[in-house]
$ cat upload-v9.txt   # compact mmCIF, C-alpha atoms
# COMPACT_ATOMS: atom_id res chain seq x y z
CA MET T 730 38.51 -23.92 -150.04
CA THR T 731 36.97 -22.10 -153.01
CA PRO T 732 33.35 -21.20 -152.55
CA ARG T 733 30.92 -22.58 -155.08
CA ILE T 734 27.92 -20.67 -156.30
CA VAL T 735 24.51 -22.26 -155.98
CA GLU T 736 21.78 -20.59 -157.96
CA VAL T 737 18.61 -20.21 -155.91
CA ARG T 738 16.15 -17.78 -157.58
CA LYS T 739 13.76 -17.51 -154.70
CA ASP T 740 11.43 -14.64 -153.90
CA ILE T 741 12.32 -13.19 -150.50
CA LEU T 742 8.73 -12.34 -149.68
CA LYS T 743 7.46 -15.67 -150.99
CA LYS T 744 6.14 -16.55 -147.54
CA ASN T 745 4.05 -13.37 -147.43
CA ASP T 746 2.99 -13.83 -151.05
CA LEU T 747 1.84 -17.39 -150.34
CA ALA T 748 -0.08 -16.24 -147.27
CA ALA T 749 -1.62 -13.41 -149.34
CA ALA T 750 -2.56 -15.84 -152.12
CA ALA T 751 -4.24 -18.11 -149.56
CA LEU T 752 -6.17 -15.14 -148.16
CA ARG T 753 -7.22 -14.04 -151.65
CA ALA T 754 -8.57 -17.53 -152.37
CA ARG T 755 -10.45 -17.52 -149.05
CA PHE T 756 -11.94 -14.11 -149.81
CA ARG T 757 -13.01 -15.28 -153.25
CA ASP T 758 -14.66 -18.43 -151.88
CA ALA T 759 -16.42 -16.38 -149.20
CA GLY T 760 -17.61 -13.84 -151.79
CA VAL T 761 -16.14 -10.95 -149.83
CA PHE T 762 -14.54 -7.95 -151.58
CA VAL T 763 -11.50 -6.67 -149.72
CA THR T 764 -10.21 -3.10 -149.87
CA SER T 765 -7.07 -1.91 -148.11
CA LEU T 766 -6.26 1.69 -147.25
CA VAL T 767 -2.74 3.11 -147.09
CA SER T 768 -1.58 6.66 -146.39
CA SER T 769 0.77 8.69 -144.26
CA PRO T 770 -0.27 9.10 -140.60
CA GLY T 771 -3.04 11.67 -140.25
CA ALA T 772 -4.23 11.68 -143.87
CA GLY T 773 -7.72 10.73 -142.69
CA LYS T 774 -7.99 7.00 -143.33
CA THR T 775 -10.15 6.38 -140.29
CA ALA T 776 -12.55 9.29 -140.89
CA PHE T 777 -12.85 8.23 -144.53
CA LEU T 778 -13.47 4.62 -143.55
CA ALA T 779 -16.03 5.60 -140.91
CA ARG T 780 -18.02 7.53 -143.56
CA THR T 781 -17.65 4.67 -146.02
CA LEU T 782 -18.93 2.12 -143.48
CA SER T 783 -21.95 4.25 -142.57
CA ARG T 784 -22.85 4.77 -146.23
CA LEU T 785 -22.50 1.11 -147.12
CA GLY T 786 -23.97 -0.20 -143.88
CA GLN T 787 -27.60 -0.04 -144.98
CA ARG T 788 -27.05 -2.07 -148.15
CA TYR T 789 -24.09 -4.32 -147.46
CA ARG T 790 -22.63 -6.38 -144.65
CA THR T 791 -19.35 -4.63 -143.89
CA ALA T 792 -16.43 -5.24 -141.53
CA ALA T 793 -13.03 -3.71 -140.91
CA LEU T 794 -9.56 -4.51 -139.63
CA VAL T 795 -7.46 -1.59 -138.53
CA GLY T 796 -3.72 -1.57 -137.95
CA ASP T 797 -1.74 0.67 -135.60
CA LEU T 798 1.42 0.34 -133.54
CA ALA T 799 -0.54 0.84 -130.33
CA THR T 800 -4.04 1.59 -128.94
CA ASP T 801 -7.43 0.51 -130.19
CA CYS T 802 -8.66 4.09 -130.65
CA ASP T 803 -9.38 3.59 -134.34
CA ALA T 804 -11.34 0.39 -133.80
CA ALA T 805 -13.44 2.14 -131.16
CA ARG T 806 -14.14 5.02 -133.58
CA LEU T 807 -15.07 2.70 -136.42
CA ARG T 808 -17.34 0.53 -134.26
CA GLN T 809 -19.70 3.49 -133.98
CA SER T 810 -20.68 2.69 -137.58
CA GLY T 811 -22.20 -0.56 -136.30
CA SER T 812 -19.87 -2.77 -138.37
CA PRO T 813 -17.74 -5.44 -136.71
CA VAL T 814 -14.21 -4.04 -136.32
CA ARG T 815 -11.00 -5.59 -135.07
CA GLN T 816 -7.81 -3.77 -134.19
CA ILE T 817 -4.41 -5.17 -135.14
CA THR T 818 -1.70 -3.72 -132.91
CA THR T 819 1.67 -4.28 -134.51
CA GLY T 820 3.90 -3.21 -131.59
CA THR T 821 6.79 -1.62 -133.42
CA VAL T 822 6.16 -3.08 -136.85
CA CYS T 823 5.56 -0.38 -139.45
CA HIS T 824 3.20 -2.28 -141.76
CA LEU T 825 0.63 -5.10 -141.85
CA ASP T 826 1.54 -8.39 -143.48
CA ALA T 827 -0.65 -11.21 -144.74
CA GLU T 828 -0.12 -13.36 -141.64
CA MET T 829 -1.26 -10.56 -139.32
CA VAL T 830 -4.43 -10.23 -141.40
CA ASP T 831 -4.94 -13.99 -141.31
CA ARG T 832 -4.55 -14.06 -137.51
CA ALA T 833 -6.90 -11.10 -137.07
CA LEU T 834 -9.60 -12.88 -139.08
CA ALA T 835 -9.54 -15.95 -136.82
CA GLY T 836 -13.01 -16.87 -135.66
CA TRP T 837 -14.77 -14.44 -137.97
CA ALA T 838 -17.26 -16.00 -140.39
CA ILE T 839 -16.08 -13.98 -143.40
CA ASP T 840 -18.83 -15.54 -145.53
CA ASP T 841 -21.16 -13.24 -143.62
CA PHE T 842 -19.46 -10.14 -145.07
CA ASP T 843 -19.83 -8.51 -148.47
CA LEU T 844 -17.12 -5.91 -148.02
CA LEU T 845 -14.09 -6.04 -145.75
CA PHE T 846 -11.80 -3.06 -145.25
CA ILE T 847 -8.22 -3.23 -144.00
CA GLU T 848 -6.75 0.03 -142.75
CA ASN T 849 -2.96 -0.26 -142.81
CA VAL T 850 -0.53 1.40 -140.41
CA GLY T 851 0.00 5.05 -141.42
CA ASN T 852 3.12 4.81 -143.58
CA LEU T 853 3.77 5.50 -147.26
CA VAL T 854 6.87 3.32 -147.53
CA CYS T 855 6.74 -0.16 -146.01
CA PRO T 856 3.14 -1.27 -146.75
CA ALA T 857 4.06 -1.12 -150.46
CA SER T 858 6.10 -4.33 -150.11
CA TYR T 859 3.38 -6.47 -148.51
CA ASP T 860 0.47 -8.01 -150.40
CA LEU T 861 -2.46 -8.53 -148.01
CA GLY T 862 -4.63 -10.52 -150.42
CA GLU T 863 -6.83 -7.48 -151.02
CA HIS T 864 -8.72 -6.84 -154.27
CA LEU T 865 -8.34 -3.08 -154.20
CA ARG T 866 -5.63 -0.95 -152.64
CA VAL T 867 -6.51 2.68 -152.02
CA VAL T 868 -3.83 5.28 -151.34
CA LEU T 869 -5.11 8.38 -149.55
CA ILE T 870 -3.39 11.72 -149.72
CA SER T 871 -4.77 14.74 -147.87
CA VAL T 872 -4.63 18.22 -149.40
CA THR T 873 -2.52 19.38 -146.44
CA GLU T 874 0.35 17.04 -147.39
CA GLY T 875 1.50 18.75 -150.57
CA GLU T 876 1.01 17.87 -154.21
CA ASP T 877 4.39 16.18 -154.63
CA LYS T 878 3.62 13.04 -152.58
CA PRO T 879 3.28 10.82 -155.69
CA LEU T 880 6.73 11.90 -156.88
CA LYS T 881 8.29 11.39 -153.45
CA TYR T 882 6.69 8.00 -152.75
CA PRO T 883 6.23 6.43 -156.19
CA THR T 884 6.29 2.82 -154.95
CA ILE T 885 3.14 3.08 -152.86
CA PHE T 886 1.34 4.78 -155.77
CA ASN T 887 2.55 2.07 -158.13
CA THR T 888 1.26 -0.72 -155.91
CA SER T 889 -2.12 0.95 -155.34
CA ASP T 890 -5.17 0.92 -157.59
CA VAL T 891 -6.82 4.26 -156.89
CA VAL T 892 -5.95 7.59 -155.26
CA VAL T 893 -8.35 9.22 -152.82
CA VAL T 894 -7.60 12.89 -152.15
CA SER T 895 -8.95 13.64 -148.67
CA LYS T 896 -9.84 16.80 -146.71
CA ILE T 897 -10.80 18.73 -149.87
CA ASP T 898 -12.81 21.09 -147.64
CA LEU T 899 -9.39 22.48 -146.58
CA ALA T 900 -8.05 22.88 -150.13
CA GLY T 901 -8.60 26.65 -150.24
CA ALA T 902 -7.11 27.27 -146.79
CA VAL T 903 -3.86 25.47 -147.60
CA GLY T 904 -3.56 26.66 -151.20
CA PHE T 905 -3.81 23.14 -152.59
CA ASP T 906 -2.83 22.94 -156.27
CA ARG T 907 -5.20 20.30 -157.63
CA GLU T 908 -3.81 20.37 -161.19
CA ALA T 909 -0.27 19.80 -159.89
CA LEU T 910 -1.37 16.75 -157.90
CA LEU T 911 -3.22 15.26 -160.88
CA ARG T 912 -0.15 15.88 -163.04
CA ASN T 913 2.10 14.18 -160.47
CA VAL T 914 -0.18 11.16 -160.16
CA GLU T 915 -0.25 10.89 -163.96
CA ALA T 916 3.56 11.11 -164.09
CA VAL T 917 3.99 8.21 -161.67
CA ARG T 918 1.05 6.04 -162.73
CA PRO T 919 -0.60 7.07 -166.01
CA GLY T 920 -4.36 6.56 -166.05
CA MET T 921 -4.72 6.03 -162.30
CA ASP T 922 -8.20 6.96 -161.01
CA VAL T 923 -8.34 9.89 -158.58
CA ILE T 924 -11.37 10.49 -156.34
CA GLU T 925 -11.68 13.66 -154.26
CA VAL T 926 -13.48 13.58 -150.93
CA SER T 927 -14.04 15.32 -147.63
CA ALA T 928 -15.11 12.96 -144.88
CA LYS T 929 -15.85 15.88 -142.59
CA ALA T 930 -18.10 17.68 -145.08
CA ASP T 931 -19.42 14.36 -146.44
CA ASP T 932 -18.38 15.49 -149.93
CA GLY T 933 -17.40 13.17 -152.80
CA LEU T 934 -18.31 10.03 -150.86
CA ALA T 935 -21.05 9.15 -153.37
CA SER T 936 -18.52 8.90 -156.24
CA TRP T 937 -16.22 6.81 -154.07
CA VAL T 938 -19.02 4.44 -153.06
CA SER T 939 -20.18 3.99 -156.66
CA PHE T 940 -16.56 3.33 -157.75
CA LEU T 941 -16.29 0.72 -155.00
CA GLU T 942 -19.62 -0.88 -155.92
CA GLN T 943 -18.53 -1.19 -159.55
CA ARG T 944 -15.31 -2.93 -158.55
CA PHE T 945 -17.21 -5.14 -156.14
CA ALA T 946 -19.67 -6.13 -158.87
CA VAL T 947 -17.00 -7.09 -161.41
CA THR T 948 -14.81 -8.94 -158.90
CA VAL T 949 -17.24 -10.86 -156.75
CA THR T 950 -20.09 -12.29 -158.75
CA MET G 1068 12.23 -1.36 -139.54
CA HIS G 1069 10.71 -2.60 -142.74
CA GLU G 1070 14.10 -3.75 -144.03
CA LEU G 1071 14.53 -5.74 -140.81
CA SER G 1072 11.29 -7.63 -141.53
CA ILE G 1073 12.53 -8.24 -145.07
CA ALA G 1074 15.94 -9.36 -143.75
CA LEU G 1075 14.27 -11.83 -141.37
CA SER G 1076 12.24 -13.23 -144.28
CA LEU G 1077 15.45 -13.42 -146.31
CA VAL G 1078 17.30 -15.36 -143.60
CA ASP G 1079 14.32 -17.75 -143.21
CA ALA G 1080 14.19 -18.28 -146.97
CA VAL G 1081 17.93 -19.03 -147.18
CA CYS G 1082 17.77 -21.42 -144.22
CA GLU G 1083 14.87 -23.25 -145.91
CA GLU G 1084 17.07 -23.77 -148.98
CA LEU G 1085 20.02 -25.21 -147.06
CA PRO G 1086 18.82 -28.81 -146.66
CA ARG G 1087 18.35 -28.97 -150.44
CA ILE G 1088 21.95 -27.89 -151.00
CA GLY G 1089 23.69 -30.21 -148.62
CA SER G 1090 24.06 -31.04 -144.96
CA HIS G 1091 27.68 -29.95 -144.43
CA VAL G 1092 27.88 -26.50 -145.98
CA SER G 1093 28.60 -22.97 -144.81
CA VAL G 1094 27.06 -19.99 -146.55
CA LYS G 1095 29.70 -17.35 -147.27
CA ALA G 1096 27.50 -14.94 -149.17
CA VAL G 1097 23.91 -14.39 -150.16
CA HIS G 1098 23.33 -12.70 -153.52
CA VAL G 1099 20.05 -10.86 -153.80
CA ARG G 1100 18.45 -8.99 -156.69
CA ILE G 1101 16.56 -5.82 -155.82
CA GLY G 1102 14.35 -3.82 -158.18
CA PRO G 1103 13.72 -0.07 -157.80
CA LEU G 1104 10.01 -0.67 -157.15
CA SER G 1105 10.51 -3.35 -154.49
CA GLY G 1106 10.47 -0.71 -151.76
CA VAL G 1107 13.77 -2.02 -150.41
CA VAL G 1108 16.96 0.00 -150.03
CA PRO G 1109 20.12 -2.14 -150.41
CA ASP G 1110 22.12 -0.30 -147.72
CA ALA G 1111 19.32 -0.59 -145.19
CA LEU G 1112 18.85 -4.26 -146.05
CA ALA G 1113 22.58 -4.93 -145.63
CA PHE G 1114 22.50 -3.30 -142.19
CA ALA G 1115 19.46 -5.32 -141.13
CA PHE G 1116 20.83 -8.54 -142.63
CA ASP G 1117 23.74 -8.74 -140.16
CA ILE G 1118 21.32 -8.42 -137.25
CA ALA G 1119 18.79 -10.83 -138.73
CA SER G 1120 21.35 -13.50 -139.60
CA SER G 1121 23.24 -13.47 -136.29
CA GLY G 1122 22.44 -16.62 -134.37
CA SER G 1123 21.04 -18.30 -137.48
CA ALA G 1124 22.57 -21.09 -139.58
CA ILE G 1125 23.98 -18.46 -141.93
CA ALA G 1126 25.51 -16.12 -139.32
CA GLY G 1127 28.53 -14.30 -140.73
CA ALA G 1128 27.46 -14.54 -144.37
CA ARG G 1129 27.93 -11.46 -146.56
CA LEU G 1130 25.05 -9.86 -148.39
CA GLU G 1131 25.67 -8.94 -152.02
CA CYS G 1132 23.01 -6.78 -153.67
CA GLN G 1133 22.54 -6.53 -157.42
CA ASP G 1134 20.21 -4.19 -159.28
CA ALA G 1135 17.23 -5.75 -160.99
CA ASP G 1136 14.04 -4.62 -162.72
CA GLY G 1137 10.67 -3.57 -161.36
CA ARG G 1138 9.48 -5.11 -158.12
CA THR G 1139 12.06 -7.91 -158.13
CA LEU G 1140 13.13 -8.94 -154.64
CA GLU G 1141 14.75 -12.34 -154.79
CA ILE G 1142 17.62 -14.48 -153.66
CA ALA G 1143 19.65 -15.03 -156.80
CA ALA G 1144 22.38 -17.34 -155.51
CA LEU G 1145 24.35 -18.52 -152.49
CA GLU G 1146 28.12 -18.79 -152.16
CA ILE G 1147 28.73 -22.06 -150.41
CA VAL G 1148 31.80 -23.71 -148.93
CA ASP G 1149 31.63 -27.43 -148.27
CA ASP G 1150 32.63 -28.06 -144.69
CA ALA G 1151 35.58 -30.39 -144.17
CA GLU G 1152 34.55 -33.85 -143.11
CA ASN G 1153 35.72 -34.72 -139.64
CA CYS G 1154 37.06 -38.15 -140.46

$ encode --input "upload-v9.txt" --output "C-alpha cells"
Amino acid sequence: MTPRIVEVRKDILKKNDLAAAALRARFRDAGVFVTSLVSSPGAGKTAFLARTLSRLGQRYRTAALVGDLATDCDAARLRQSGSPVRQITTGTVCHLDAEMVDRALAGWAIDDFDLLFIENVGNLVCPASYDLGEHLRVVLISVTEGEDKPLKYPTIFNTSDVVVVSKIDLAGAVGFDREALLRNVEAVRPGMDVIEVSAKADDGLASWVSFLEQRFAVTVT
Amino acid sequence: MHELSIALSLVDAVCEELPRIGSHVSVKAVHVRIGPLSGVVPDALAFAFDIASSGSAIAGARLECQDADGRTLEIAALEIVDDAENC
C-alpha cells in the first residue's frame, strides 16, 4: 500500500512552550520578575547569584531555584543569603525544562517574591532549547574559559538577553583578551549587553544590579 | 541526552496527532524541520528517535530531517499507511 502524506506542522517542544507560557502568565500575575542563569559548569553562576541575592536582599524579596544533576550543595550555599532556595536535582537530565520549574514552585507563594532566580544546570548547549518562562536569560562566561565561547556556542548566546563576564579578578593571570570577547559577542549577537563582574572581589555587581532593577521596573509594573 | 528529551517530546507529539488522523493507521515516517538555531543536531535526534519511539504507537517509523530557518523545530508531516481492515 502506498503511504500517504499527512501534513502536521506541529512544534516539537510545544508542550514545553505551553508550560513556559503558563509560567510566564503566573509570574506576571504574581508581579515577580524571573531571571535565569546559564553557563558552562564552573563559570561561577552560584557565586554570582549568592552576591546578587545578598545585594538585593535588603530591598527586595528574593528567591532562587537551582538545578544540578545531583546534590543540594548549591542550594545550601545560596541559603546563606537568607533567601528561600530550592534545589532541582535532574538525575541525568542535562537541562531544566518548564515542567521541572513548575513542580519546584509547588507550595511557594510566588506573590511574596519580587525577584526569582533560576540557576540552570551547567551546560552551554541543551538549556538553549528550553524556555522556562523567564523574563531575562543571563549567560555567564568566565575569563578562564577563553574568548571564543560565543563563536563556539552561538545558540545559547542567541537565546540569552545579556552576557555576564565573571571572574574578572583573574583576567590578568590568564591573559584574558577582553576586546576579543566583546568582538565575538558582537559577531554572534550584535548589540548584546555585556556586564563584567567578579563575585569574589565584589566588583561590577553594582552595574549588574542596576541593569536588573531597570529590567524589573519596565517589565513588572 | 538533550536530543533524547527532544525525541521523547517528538514521539509524544506525534502520538497526540494520531487520533486526529485516523484509528487504523501506521506511521511509516515522521518528517521534521530543524533550524540551525534550534540547538538540535539531526544525526543525534535520529539516533535518539529510534530509542524514544520503540514501544510506542509509532515504533519502527523512520525519521526524515529537513533543514529549516532559525529556531524552527517542528513536525512537518507524517507518512501514513492505512491498515487493512480485518473483515

$ closest_residue --input "upload-v9.txt" --among "T:Thr873, T:Ser889, T:Thr764, T:Thr821" --to "chain G" --atoms "all atoms listed in the file"
T:Thr821

$ interface_residues --input "upload-v9.txt" --of "chain G" --to "chain T" --cutoff "7 Å" --atoms "all atoms listed in the file" --output "PyMOL selection string"
chain G and resi 1068-1069+1076-1077+1080+1104-1106+1140-1148

$ residues_near_point --input "upload-v9.txt" --point "(-10.0, -8.4, -161.1)" --cutoff "9 Å" --atoms "all atoms listed in the file" --output "PyMOL selection string"
chain T and resi 864-865+944+947-949

$ write_last_selection --input "upload-v9.txt" --atoms "C-alpha atoms" --output "short mmCIF file (atom, residue, chain, number, x, y, z; two decimals), in the frame of the given file"
data_model
loop_
_atom_site.label_atom_id
_atom_site.label_comp_id
_atom_site.auth_asym_id
_atom_site.auth_seq_id
_atom_site.Cartn_x
_atom_site.Cartn_y
_atom_site.Cartn_z
CA HIS T 864 -8.72 -6.84 -154.27
CA LEU T 865 -8.34 -3.08 -154.20
CA ARG T 944 -15.31 -2.93 -158.55
CA VAL T 947 -17.00 -7.09 -161.41
CA THR T 948 -14.81 -8.94 -158.90
CA VAL T 949 -17.24 -10.86 -156.75
#

$ residues_around --input "upload-v9.txt" --residues "Ser927 in chain T" --least-positions-apart "3" --cutoff "6 Å" --atoms "only C-alpha atoms" --output "list in words"
Ser895, Lys896, Ile897, Asp898, Ala930, Asp931 and Asp932 of chain T

$ residues_around --input "upload-v9.txt" --residues "range 936-940 of chain T" --least-positions-apart "5" --cutoff "8 Å" --atoms "only C-alpha atoms" --output "NGL selection string"
:T and (781 or 784-785 or 924 or 926)

$ residues_around --input "upload-v9.txt" --residues "Ala1135 in chain G" --least-positions-apart "6" --cutoff "9 Å" --atoms "all atoms listed in the file" --output "ChimeraX atom specification"
/G:1100-1103

$ atom_distance --input "upload-v9.txt" --atom1 "CA of Glu1070 in chain G" --atom2 "CA of Val1099 in chain G"
13.5 Å

$ closest_residue --input "upload-v9.txt" --among "T:Leu778, T:Met829, T:Asp840, T:Ala751" --to "Ser810 in chain T" --atoms "all atoms listed in the file"
T:Leu778

$ atom_distance --input "upload-v9.txt" --atom1 "CA of Leu794 in chain T" --atom2 "CA of Phe762 in chain T"
13.4 Å

$ residues_around --input "upload-v9.txt" --residues "Asp1150 in chain G" --least-positions-apart "2" --cutoff "8 Å" --atoms "only C-alpha atoms" --output "PyMOL selection string"
chain G and resi 1091-1093+1148+1152

$ closest_residue --input "upload-v9.txt" --among "T:Ala805, T:Ala748, T:Val867, T:Thr819" --to "Leu941 in chain T" --atoms "all atoms listed in the file"
T:Val867
